[in-house]
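File shown: entry_15.cif. Contents: mmCIF, C-alpha atoms and all ligand atoms.
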```
data_query
loop_
_atom_site.label_atom_id
_atom_site.label_comp_id
_atom_site.auth_asym_id
_atom_site.auth_seq_id
_atom_site.Cartn_x
_atom_site.Cartn_y
_atom_site.Cartn_z
CA MET F 1 -25.72 -12.32 8.83
CA GLU F 2 -25.36 -9.81 6.04
CA ARG F 3 -22.59 -7.28 6.66
CA ILE F 4 -22.18 -3.69 5.46
CA ILE F 5 -18.53 -2.64 5.24
CA LEU F 6 -17.10 0.75 4.35
CA HIS F 7 -13.64 1.37 2.93
CA LEU F 8 -12.25 4.88 2.91
CA ASP F 9 -9.10 5.89 1.03
CA MET F 10 -7.68 9.39 0.67
CA ASP F 11 -7.10 10.65 -2.89
CA ALA F 12 -3.43 11.09 -3.92
CA PHE F 13 -2.80 11.51 -0.20
CA PHE F 14 0.72 13.03 0.14
CA ALA F 15 0.38 15.05 -3.06
CA GLN F 16 -3.07 16.40 -2.22
CA ILE F 17 -1.83 17.56 1.19
CA GLU F 18 1.03 19.45 -0.47
CA GLU F 19 -1.32 20.90 -3.07
CA LYS F 20 -3.70 22.17 -0.40
CA ARG F 21 -1.06 23.62 1.88
CA ASN F 22 0.59 25.64 -0.90
CA PRO F 23 -2.21 27.43 -2.76
CA ARG F 24 0.20 28.43 -5.51
CA PHE F 25 0.50 24.75 -6.50
CA LYS F 26 -3.24 24.58 -7.28
CA GLY F 27 -3.93 22.79 -10.57
CA LYS F 28 -0.25 21.95 -11.13
CA PRO F 29 1.19 18.46 -11.46
CA ILE F 30 2.78 17.53 -8.11
CA VAL F 31 5.17 14.67 -7.48
CA VAL F 32 6.15 13.70 -3.92
CA GLY F 33 9.19 11.47 -3.63
CA ALA F 34 12.96 11.31 -3.98
CA ASP F 35 15.01 14.28 -5.17
CA PRO F 36 14.92 14.29 -9.01
CA LYS F 37 18.37 15.98 -9.20
CA ASN F 38 17.65 17.41 -12.64
CA GLY F 39 16.81 13.99 -14.01
CA LYS F 40 19.79 12.23 -12.39
CA GLY F 41 17.99 11.29 -9.16
CA ARG F 42 18.01 7.58 -8.35
CA GLY F 43 15.05 7.14 -6.00
CA VAL F 44 11.35 6.67 -6.75
CA VAL F 45 8.00 8.48 -6.68
CA SER F 46 5.95 8.12 -3.46
CA THR F 47 2.84 9.48 -5.09
CA ALA F 48 1.64 11.99 -7.66
CA ASN F 49 -1.52 14.07 -7.80
CA TYR F 50 -4.10 13.36 -10.51
CA GLU F 51 -2.75 16.20 -12.66
CA ALA F 52 0.70 14.53 -12.72
CA ARG F 53 -0.88 11.11 -13.35
CA LYS F 54 -1.97 12.42 -16.75
CA TYR F 55 1.73 12.17 -17.68
CA GLY F 56 1.88 8.56 -16.57
CA ILE F 57 3.54 9.44 -13.27
CA ARG F 58 2.59 7.09 -10.41
CA SER F 59 3.88 5.54 -7.18
CA ALA F 60 7.16 3.58 -7.47
CA LEU F 61 8.12 5.02 -10.87
CA PRO F 62 11.82 5.99 -10.95
CA ILE F 63 12.02 9.69 -10.12
CA SER F 64 14.29 10.25 -13.15
CA GLU F 65 11.52 8.90 -15.41
CA ALA F 66 8.95 11.15 -13.70
CA TRP F 67 11.27 14.09 -14.41
CA ARG F 68 11.55 13.05 -18.06
CA ARG F 69 7.78 12.75 -18.41
CA CYS F 70 7.06 16.13 -16.84
CA PRO F 71 10.05 18.31 -15.94
CA THR F 72 7.77 21.22 -15.11
CA ALA F 73 5.96 19.33 -12.35
CA VAL F 74 6.44 20.45 -8.75
CA PHE F 75 8.79 17.92 -7.13
CA LEU F 76 8.67 17.74 -3.31
CA PRO F 77 10.23 15.54 -0.61
CA PRO F 78 7.79 13.70 1.69
CA ASP F 79 7.04 15.38 5.02
CA MET F 80 6.00 12.27 6.94
CA GLU F 81 5.56 13.99 10.28
CA PHE F 82 3.01 16.39 8.82
CA TYR F 83 1.16 13.67 6.87
CA GLY F 84 1.08 11.49 10.00
CA LYS F 85 -0.67 14.14 12.05
CA ILE F 86 -3.31 14.71 9.38
CA SER F 87 -3.75 10.95 9.04
CA SER F 88 -4.51 10.55 12.77
CA ARG F 89 -7.12 13.31 12.67
CA ILE F 90 -8.80 11.73 9.63
CA MET F 91 -8.85 8.32 11.31
CA ASP F 92 -10.45 9.87 14.41
CA ILE F 93 -13.30 11.03 12.18
CA VAL F 94 -13.79 7.53 10.71
CA LYS F 95 -13.68 5.91 14.16
CA LYS F 96 -16.65 7.96 15.35
CA TYR F 97 -19.05 6.20 13.01
CA SER F 98 -18.64 2.66 14.31
CA PRO F 99 -16.83 1.01 17.22
CA GLN F 100 -15.55 -1.57 14.74
CA TRP F 101 -12.92 0.05 12.56
CA GLU F 102 -9.55 -0.91 11.14
CA VAL F 103 -6.92 1.58 10.12
CA VAL F 104 -4.62 0.31 7.40
CA GLY F 105 -1.45 2.26 6.81
CA VAL F 106 -1.56 6.00 6.54
CA ASP F 107 -4.57 6.80 4.33
CA GLU F 108 -6.96 3.85 4.41
CA ALA F 109 -9.53 2.54 6.85
CA TYR F 110 -12.40 0.07 7.07
CA SER F 111 -15.49 0.52 9.18
CA ASP F 112 -18.10 -2.13 9.92
CA LEU F 113 -21.49 -0.43 9.55
CA SER F 114 -23.59 -3.61 9.84
CA SER F 115 -25.45 -2.24 12.84
CA LEU F 116 -27.03 0.46 10.66
CA LYS F 117 -30.51 -0.19 9.32
CA ASP F 118 -29.66 -0.68 5.67
CA TRP F 119 -27.41 0.22 2.72
CA ARG F 120 -29.02 3.65 2.40
CA GLU F 121 -28.06 4.55 5.95
CA ALA F 122 -24.53 3.31 5.34
CA GLU F 123 -24.35 5.46 2.24
CA SER F 124 -25.39 8.54 4.15
CA ALA F 125 -22.78 7.77 6.85
CA ALA F 126 -20.15 7.69 4.07
CA VAL F 127 -21.38 11.03 2.74
CA LYS F 128 -21.03 12.49 6.24
CA ILE F 129 -17.52 11.10 6.76
CA LYS F 130 -16.35 12.47 3.39
CA LYS F 131 -17.93 15.83 4.15
CA GLU F 132 -16.38 16.07 7.60
CA ILE F 133 -12.89 15.27 6.24
CA LEU F 134 -13.34 17.89 3.54
CA GLU F 135 -14.56 20.54 5.97
CA LYS F 136 -11.97 19.91 8.66
CA GLU F 137 -8.90 19.03 6.59
CA ASN F 138 -9.80 20.41 3.15
CA LEU F 139 -9.00 17.01 1.58
CA THR F 140 -11.03 14.78 -0.72
CA SER F 141 -11.40 11.06 -0.16
CA THR F 142 -13.20 8.16 -1.79
CA ALA F 143 -15.51 5.68 -0.07
CA GLY F 144 -16.61 2.24 -1.15
CA ILE F 145 -19.35 0.22 0.55
CA GLY F 146 -19.79 -3.51 0.09
CA PRO F 147 -20.83 -6.75 1.78
CA ASN F 148 -17.21 -7.39 2.82
CA LYS F 149 -13.79 -5.73 2.93
CA LEU F 150 -12.79 -6.99 -0.51
CA ILE F 151 -15.79 -5.51 -2.33
CA ALA F 152 -15.69 -2.30 -0.27
CA LYS F 153 -12.06 -1.75 -1.25
CA MET F 154 -12.66 -2.55 -4.90
CA ALA F 155 -15.64 -0.19 -4.90
CA SER F 156 -13.54 2.68 -3.55
CA GLN F 157 -10.82 1.98 -6.12
CA ALA F 158 -13.44 2.10 -8.87
CA ALA F 159 -14.91 5.38 -7.62
CA LYS F 160 -11.66 7.42 -7.36
CA PRO F 161 -11.16 10.34 -7.01
CA ASP F 162 -13.65 12.07 -4.67
CA GLY F 163 -16.21 9.33 -5.23
CA LEU F 164 -18.65 7.13 -3.40
CA LEU F 165 -19.84 3.76 -4.66
CA VAL F 166 -22.21 1.32 -2.98
CA VAL F 167 -22.14 -2.29 -4.15
CA THR F 168 -24.77 -4.35 -2.34
CA LEU F 169 -24.60 -8.12 -2.01
CA ASP F 170 -27.05 -8.45 -4.92
CA GLN F 171 -24.95 -6.16 -7.08
CA THR F 172 -21.63 -7.86 -6.36
CA ASP F 173 -21.54 -10.24 -9.35
CA GLY F 174 -22.53 -7.53 -11.79
CA PHE F 175 -19.88 -5.20 -10.35
CA LEU F 176 -17.05 -7.72 -10.47
CA GLU F 177 -17.61 -9.53 -13.75
CA PRO F 178 -16.65 -6.80 -16.26
CA LEU F 179 -13.53 -5.76 -14.30
CA ASP F 180 -10.05 -6.71 -15.42
CA ILE F 181 -8.34 -9.47 -13.39
CA GLU F 182 -5.70 -7.02 -12.15
CA ASN F 183 -8.40 -5.10 -10.30
CA LEU F 184 -8.61 -8.04 -7.92
CA PRO F 185 -6.36 -7.40 -4.89
CA GLY F 186 -3.61 -10.01 -4.93
CA VAL F 187 -3.48 -10.29 -8.71
CA GLY F 188 -0.49 -8.28 -9.86
CA PRO F 189 1.05 -8.10 -13.34
CA LYS F 190 3.06 -11.31 -12.81
CA THR F 191 0.09 -13.39 -11.68
CA ALA F 192 -2.06 -11.86 -14.38
CA GLY F 193 0.47 -12.82 -17.07
CA LYS F 194 -0.12 -16.55 -16.58
CA LEU F 195 -3.90 -16.06 -16.70
CA ARG F 196 -3.78 -13.86 -19.79
CA ALA F 197 -1.76 -16.57 -21.54
CA LEU F 198 -4.79 -18.80 -20.95
CA GLY F 199 -7.08 -16.17 -22.47
CA ILE F 200 -8.42 -15.03 -19.11
CA ASN F 201 -8.60 -11.23 -18.86
CA LYS F 202 -11.86 -10.41 -17.10
CA ILE F 203 -13.04 -11.51 -13.67
CA LYS F 204 -16.05 -13.00 -15.47
CA GLU F 205 -13.66 -15.46 -17.18
CA LEU F 206 -11.60 -16.05 -14.05
CA LYS F 207 -14.72 -17.09 -12.15
CA LEU F 208 -15.22 -20.02 -14.48
CA LEU F 209 -11.85 -21.58 -13.68
CA PRO F 210 -12.14 -24.44 -11.22
CA MET F 211 -10.26 -23.98 -7.94
CA GLU F 212 -8.05 -26.97 -8.85
CA SER F 213 -6.66 -25.17 -11.89
CA LEU F 214 -5.87 -22.07 -9.86
CA ARG F 215 -4.24 -24.17 -7.16
CA ALA F 216 -2.12 -25.92 -9.80
CA LEU F 217 -1.00 -22.51 -11.14
CA TYR F 218 -0.42 -20.62 -7.89
CA GLY F 219 -0.58 -23.01 -4.94
CA LYS F 220 -2.25 -21.57 -1.86
CA THR F 221 -2.56 -18.13 -3.46
CA GLY F 222 -4.73 -19.82 -6.09
CA GLU F 223 -7.34 -20.67 -3.48
CA MET F 224 -7.44 -17.04 -2.38
CA ILE F 225 -7.81 -15.83 -5.96
CA TYR F 226 -10.66 -18.29 -6.48
CA GLN F 227 -12.54 -16.99 -3.44
CA ARG F 228 -11.98 -13.37 -4.40
CA ALA F 229 -13.12 -13.86 -7.99
CA LEU F 230 -16.43 -14.95 -6.50
CA GLY F 231 -16.49 -11.79 -4.37
CA MET F 232 -16.06 -13.76 -1.17
CA ASP F 233 -14.14 -12.44 1.83
CA GLU F 234 -14.98 -13.37 5.39
CA SER F 235 -12.19 -11.42 7.08
CA PRO F 236 -13.50 -9.27 9.92
CA VAL F 237 -12.90 -5.57 10.54
CA THR F 238 -10.49 -6.17 13.37
CA SER F 239 -10.51 -2.98 15.43
CA GLU F 240 -6.78 -2.79 15.07
CA GLU F 241 -4.44 -0.20 13.88
CA VAL F 242 -2.61 -2.17 11.25
CA VAL F 243 0.65 -0.40 10.74
CA LYS F 244 1.18 -2.22 7.50
CA SER F 245 4.92 -2.26 7.86
CA ILE F 246 7.97 -0.34 8.90
CA GLY F 247 10.51 -0.07 6.16
CA LYS F 248 13.66 1.81 5.32
CA GLU F 249 15.67 1.75 2.17
CA HIS F 250 18.80 3.29 0.76
CA THR F 251 19.72 4.06 -2.83
CA PHE F 252 23.49 4.15 -3.40
CA ASP F 253 24.90 7.14 -5.26
CA GLU F 254 26.58 4.63 -7.53
CA ASP F 255 25.82 0.97 -8.05
CA THR F 256 28.16 -1.08 -5.88
CA ARG F 257 29.36 -4.58 -4.99
CA ASP F 258 31.57 -3.43 -2.12
CA PRO F 259 30.52 -5.64 0.83
CA GLU F 260 31.73 -3.08 3.32
CA ILE F 261 29.53 -0.37 1.82
CA ILE F 262 26.56 -2.71 1.35
CA PHE F 263 26.64 -4.30 4.81
CA GLY F 264 27.62 -1.07 6.54
CA THR F 265 24.58 0.65 5.04
CA PHE F 266 22.41 -2.36 5.84
CA GLU F 267 23.47 -2.34 9.49
CA ASN F 268 22.31 1.24 9.64
CA LEU F 269 18.93 0.37 8.05
CA ILE F 270 18.46 -2.46 10.56
CA LYS F 271 19.10 -0.05 13.43
CA ARG F 272 16.68 2.53 12.08
CA VAL F 273 13.92 -0.03 11.53
CA TYR F 274 14.53 -1.46 14.99
CA GLY F 275 14.47 2.02 16.48
CA GLU F 276 10.89 2.49 15.31
CA ILE F 277 9.91 -1.00 16.43
CA SER F 278 11.12 -0.49 19.99
CA GLU F 279 9.89 3.09 20.20
CA ASN F 280 6.35 1.91 19.48
CA ASN F 281 6.56 -1.32 21.42
CA PHE F 282 5.86 -3.33 18.27
CA HIS F 283 6.41 -6.96 17.50
CA PHE F 284 7.28 -8.42 14.12
CA ARG F 285 7.06 -11.76 12.47
CA ASN F 286 7.64 -11.18 8.80
CA ILE F 287 10.95 -9.73 7.59
CA THR F 288 11.44 -8.67 3.98
CA VAL F 289 14.62 -7.57 2.28
CA VAL F 290 14.53 -5.69 -1.01
CA CYS F 291 17.42 -5.57 -3.42
CA ARG F 292 17.46 -3.51 -6.57
CA PHE F 293 20.25 -4.28 -8.98
CA LEU F 294 21.74 -2.51 -11.97
CA GLY F 295 19.01 -1.79 -14.51
CA PHE F 296 16.29 -1.36 -11.83
CA GLU F 297 15.79 -5.13 -11.57
CA THR F 298 14.09 -5.41 -8.17
CA HIS F 299 13.66 -8.52 -6.03
CA THR F 300 12.40 -9.29 -2.55
CA LYS F 301 13.10 -12.14 -0.18
CA ALA F 302 11.06 -12.70 2.95
CA LYS F 303 11.23 -14.78 6.09
CA THR F 304 8.31 -15.52 8.38
CA LEU F 305 9.42 -16.37 11.91
CA LYS F 306 7.84 -19.28 13.77
CA GLU F 307 6.82 -16.88 16.54
CA ILE F 308 6.47 -13.14 16.81
CA SER F 309 9.52 -11.38 18.16
CA ARG F 310 10.81 -8.02 19.32
CA GLU F 311 14.48 -8.89 19.47
CA PHE F 312 17.12 -6.86 17.74
CA LYS F 313 19.43 -9.87 17.41
CA ILE F 314 16.80 -11.89 15.55
CA LEU F 315 15.93 -9.05 13.22
CA ARG F 316 19.56 -8.46 12.47
CA SER F 317 20.60 -12.06 11.85
CA GLU F 318 17.56 -12.96 9.74
CA ALA F 319 17.79 -9.79 7.67
CA LYS F 320 21.49 -10.31 7.02
CA LYS F 321 20.93 -13.90 5.95
CA LEU F 322 18.37 -12.73 3.38
CA LEU F 323 20.66 -10.03 2.03
CA LEU F 324 23.55 -12.45 1.78
CA ARG F 325 21.44 -14.83 -0.29
CA PHE F 326 20.79 -12.01 -2.75
CA LEU F 327 24.46 -11.26 -3.13
CA VAL F 328 25.36 -14.92 -3.58
CA GLU F 329 22.66 -15.52 -6.17
CA ASN F 330 23.04 -12.35 -8.22
CA PRO F 331 26.40 -11.00 -9.38
CA LYS F 332 25.07 -7.64 -10.60
CA PRO F 333 26.01 -4.32 -8.98
CA VAL F 334 23.54 -3.21 -6.32
CA ARG F 335 21.54 0.00 -6.66
CA LEU F 336 19.28 -0.12 -3.60
CA ILE F 337 18.81 -2.17 -0.47
CA GLY F 338 15.81 -2.07 1.84
CA LEU F 339 14.43 -3.74 4.94
CA ARG F 340 10.77 -4.02 5.91
CA VAL F 341 8.96 -5.76 8.74
CA LYS F 342 5.23 -6.42 8.98
CA ILE F 343 3.69 -5.32 12.22
CA ALA F 344 0.36 -5.33 14.03
CA ARG F 345 -0.41 -3.25 17.09
CA CYS F 346 -3.54 -4.10 18.98
CA ILE F 347 -4.89 -1.05 20.70
CA ASP F 348 -7.83 -2.31 22.67
P1 LIG F 401 -2.27 5.11 -1.94
O1 LIG F 401 -3.61 5.22 -1.25
O2 LIG F 401 -1.93 3.81 -2.59
O3 LIG F 401 -2.16 6.22 -3.07
P2 LIG F 401 -2.65 7.72 -3.07
O4 LIG F 401 -3.46 8.05 -1.87
O5 LIG F 401 -1.47 8.60 -3.30
O6 LIG F 401 -3.54 7.81 -4.39
P3 LIG F 401 -5.00 7.16 -4.64
O7 LIG F 401 -5.38 6.44 -3.38
O8 LIG F 401 -5.89 8.32 -4.94
O9 LIG F 401 -4.81 6.27 -5.81
O10 LIG F 401 -1.12 5.42 -0.92
C1 LIG F 401 -1.24 6.38 0.13
C2 LIG F 401 0.05 7.11 0.34
O11 LIG F 401 1.11 6.20 0.61
C3 LIG F 401 0.52 7.90 -0.89
O12 LIG F 401 -0.05 9.18 -0.95
C4 LIG F 401 2.01 7.91 -0.74
C5 LIG F 401 2.33 6.64 0.02
N1 LIG F 401 2.89 5.63 -0.92
C6 LIG F 401 4.26 5.57 -1.09
O13 LIG F 401 5.02 6.31 -0.45
N2 LIG F 401 4.77 4.66 -1.98
C7 LIG F 401 3.97 3.82 -2.72
O14 LIG F 401 4.47 3.03 -3.53
C8 LIG F 401 2.54 3.90 -2.53
C9 LIG F 401 1.61 3.01 -3.33
C10 LIG F 401 2.05 4.82 -1.63
MG MG F 402 -5.02 6.79 -1.23
#
```

Represent the structure of the file as structure tokens.
Ligand code: TTP
Ligand code: MG
Amino acid sequence: MERIILHLDMDAFFAQIEEKRNPRFKGKPIVVGADPKNGKGRGVVSTANYEARKYGIRSALPISEAWRRCPTAVFLPPDMEFYGKISSRIMDIVKKYSPQWEVVGVDEAYSDLSSLKDWREAESAAVKIKKEILEKENLTSTAGIGPNKLIAKMASQAAKPDGLLVVTLDQTDGFLEPLDIENLPGVGPKTAGKLRALGINKIKELKLLPMESLRALYGKTGEMIYQRALGMDESPVTSEEVVKSIGKEHTFDEDTRDPEIIFGTFENLIKRVYGEISENNFHFRNITVVCRFLGFETHTKAKTLKEISREFKILRSEAKKLLLRFLVENPKPVRLIGLRVKIARCID
């Protein structure tokens, strides 16, 4: 049966909230993230509003670089408690429009609108959701509608900010083909590099590659890329609150190789991550450790457990093993360490 899926994503979420709660910031570039410390700050940008993006400031950019690009921007620390409350109220609005919804992280949600009569009705539901969020929270959002989650999400990305784009099943090929390969979720700069070397830049070109070639290049991920290039995605809207992950990280004031400092800090991160896990009654299965070395060189190592777990001891021993591997393999001084676990909480 044909499906109609909506994807909603808030525009420059943290930064827009700050902009709207402080009217004097209106129209100014706003950067939410680590303390820039007059250009000496060592953390990263969480997000920037669209005004600040004109200077090339975006999520994950070193905060020192953001400062260099626009020292006159308003720099603010994240206020997660406040953003979380607004997020819940926004998600309550989305949930009213269909019993089948899926909240992803803090500012994104899917809704399965297949029970509506047609695409036009789905479009008018999206208009209503956007309007209600604007009226109640004074925040703009962007909606994408497609025959599956993949196309809905790509449609919302294409329509940002404050947009609405409907891509019907018949329009899917025409929508996808002219897009760059990096617009496809799952194709990042690294993956794209190999394809570009083969002269493949547009999804139109990617589509022509046989699945075998993609599998040879990327293994199992290749199969997923193949499906996505054809606009195919069968994954259901799960009626779950997918807390994407719980993660904590620490940037050292100075790069270090001191095991006492590194493991002492890590122990603390493990406890903080576990604190949130147990507080929310979560389980985890996938554990990721991030290590950023001198020169901003950043790597991740992950472990997927055979079974889901909620045990502190398991989290601690697996996380430590991953961190140790980093330190054995790479002799450079360490700038940042982080720990993240993937989590799913079923709420029905
Ligand atoms: P996004 O939806 O990826 O970004 P955004 O809402 O700021 O901007 P837009 O959707 O218009 O492109 O992420 C939602 C929030 O999550 C974002 O406001 C801040 C936070 N975030 C981080 O803290 N670090 C990150 O690297 C990213 C990507 C997001
Ligand atoms: Mg967003």

Closest of F:Ala155, F:Leu76, F:Ala52, F:Val106 to ligand MG 402 (chain F), counting only C-alpha atoms and all ligand atoms, is F:Val106

- Message: Taking all atoms listed in the file into account, name the residue in F:Ile262, F:Leu336, F:Leu315, F:Ile270 that is nearest to His299 (chain F).
- Response: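 Of F:Ile262, F:Leu336, F:Leu315, F:Ile270, the one nearest His299 (chain F) is F:Leu336, counting all atoms listed in the file.
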
Please compute the CA of Phe282 (chain F)-CA of Tyr97 (chain F) distance, one decimal, in Å.
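Between these atoms lies a distance of 27.2 Å.
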
Within 8 Å of ligand LIG 401 (chain F), counting all atoms listed in the file, residues as a PyMOL selection string: chain F and resi 9-16+32-33+45-50+59-60+105-108+141-142+157+160-161

Q. Which neighbours of region 183-189 of chain F fall inside 10 Å, counting all atoms listed in the file, when residues of the same chain fewer than 3 positions from it are skipped, and could you give them as a list in words?
A.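 Selected residues are Leu150, Ile151, Lys153, Met154, Gln157, Ala158, Leu176, Leu179, Asp180, Ala192, Gly193, Lys194, Leu195, Arg196, Lys202, Ile203, Thr221, Gly222, Met224, Ile225, Arg228, Ala229 and Gly231 of chain F.
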
Next on the checklist: Residues within 12 Å of (-10.4, -20.5, -11.5), file coordinates, counting all atoms listed in the file: what are they? Give the list as an MDAnalysis selection string.
Outcome noted: chainID F and resid 181 195 198 200:218 221:230

Requested write-out: C-alpha atoms of the selected residues, as a PDB file, in the coordinates of the input:
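Written out: part-v6.pdb:
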```pdb
ATOM      1  CA  ILE F 181      -8.340  -9.470 -13.390  1.00  0.00           C
ATOM      2  CA  LEU F 195      -3.900 -16.060 -16.700  1.00  0.00           C
ATOM      3  CA  LEU F 198      -4.790 -18.800 -20.950  1.00  0.00           C
ATOM      4  CA  ILE F 200      -8.420 -15.030 -19.110  1.00  0.00           C
ATOM      5  CA  ASN F 201      -8.600 -11.230 -18.860  1.00  0.00           C
ATOM      6  CA  LYS F 202     -11.860 -10.410 -17.100  1.00  0.00           C
ATOM      7  CA  ILE F 203     -13.040 -11.510 -13.670  1.00  0.00           C
ATOM      8  CA  LYS F 204     -16.050 -13.000 -15.470  1.00  0.00           C
ATOM      9  CA  GLU F 205     -13.660 -15.460 -17.180  1.00  0.00           C
ATOM     10  CA  LEU F 206     -11.600 -16.050 -14.050  1.00  0.00           C
ATOM     11  CA  LYS F 207     -14.720 -17.090 -12.150  1.00  0.00           C
ATOM     12  CA  LEU F 208     -15.220 -20.020 -14.480  1.00  0.00           C
ATOM     13  CA  LEU F 209     -11.850 -21.580 -13.680  1.00  0.00           C
ATOM     14  CA  PRO F 210     -12.140 -24.440 -11.220  1.00  0.00           C
ATOM     15  CA  MET F 211     -10.260 -23.980  -7.940  1.00  0.00           C
ATOM     16  CA  GLU F 212      -8.050 -26.970  -8.850  1.00  0.00           C
ATOM     17  CA  SER F 213      -6.660 -25.170 -11.890  1.00  0.00           C
ATOM     18  CA  LEU F 214      -5.870 -22.070  -9.860  1.00  0.00           C
ATOM     19  CA  ARG F 215      -4.240 -24.170  -7.160  1.00  0.00           C
ATOM     20  CA  ALA F 216      -2.120 -25.920  -9.800  1.00  0.00           C
ATOM     21  CA  LEU F 217      -1.000 -22.510 -11.140  1.00  0.00           C
ATOM     22  CA  TYR F 218      -0.420 -20.620  -7.890  1.00  0.00           C
ATOM     23  CA  THR F 221      -2.560 -18.130  -3.460  1.00  0.00           C
ATOM     24  CA  GLY F 222      -4.730 -19.820  -6.090  1.00  0.00           C
ATOM     25  CA  GLU F 223      -7.340 -20.670  -3.480  1.00  0.00           C
ATOM     26  CA  MET F 224      -7.440 -17.040  -2.380  1.00  0.00           C
ATOM     27  CA  ILE F 225      -7.810 -15.830  -5.960  1.00  0.00           C
ATOM     28  CA  TYR F 226     -10.660 -18.290  -6.480  1.00  0.00           C
ATOM     29  CA  GLN F 227     -12.540 -16.990  -3.440  1.00  0.00           C
ATOM     30  CA  ARG F 228     -11.980 -13.370  -4.400  1.00  0.00           C
ATOM     31  CA  ALA F 229     -13.120 -13.860  -7.990  1.00  0.00           C
ATOM     32  CA  LEU F 230     -16.430 -14.950  -6.500  1.00  0.00           C
TER      33      LEU F 230
END
```

### Query
What separation in Å, quoted to one decimal, exists between CA of Thr265 (chain F) and CA of Ile57 (chain F)?
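Interatomic distance, CA of Thr265 (chain F) to CA of Ile57 (chain F): 29.2 Å.
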
Practice problem: Could you please determine the separation between CA of Arg325 (chain F) and CA of Asp258 (chain F) in Å, to one decimal place? | Solution: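 CA of Asp258 (chain F) lies at a distance of 15.4 Å from CA of Arg325 (chain F).
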
Looking at all atoms listed in the file, which of F:Leu8, F:Val74, F:Ile343, F:Cys291 is the one that sits closest to ligand MG 402 (chain F)?
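Among F:Leu8, F:Val74, F:Ile343, F:Cys291, it is F:Leu8 that comes nearest to ligand MG 402 (chain F).
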
Write out as a ChimeraX atom specification each polymer residue whose atoms come within 10 Å of Ser278 (chain F), counting all atoms listed in the file; drop sequence neighbours fewer than 3 positions from it. /F:273-275,281-283,310-312
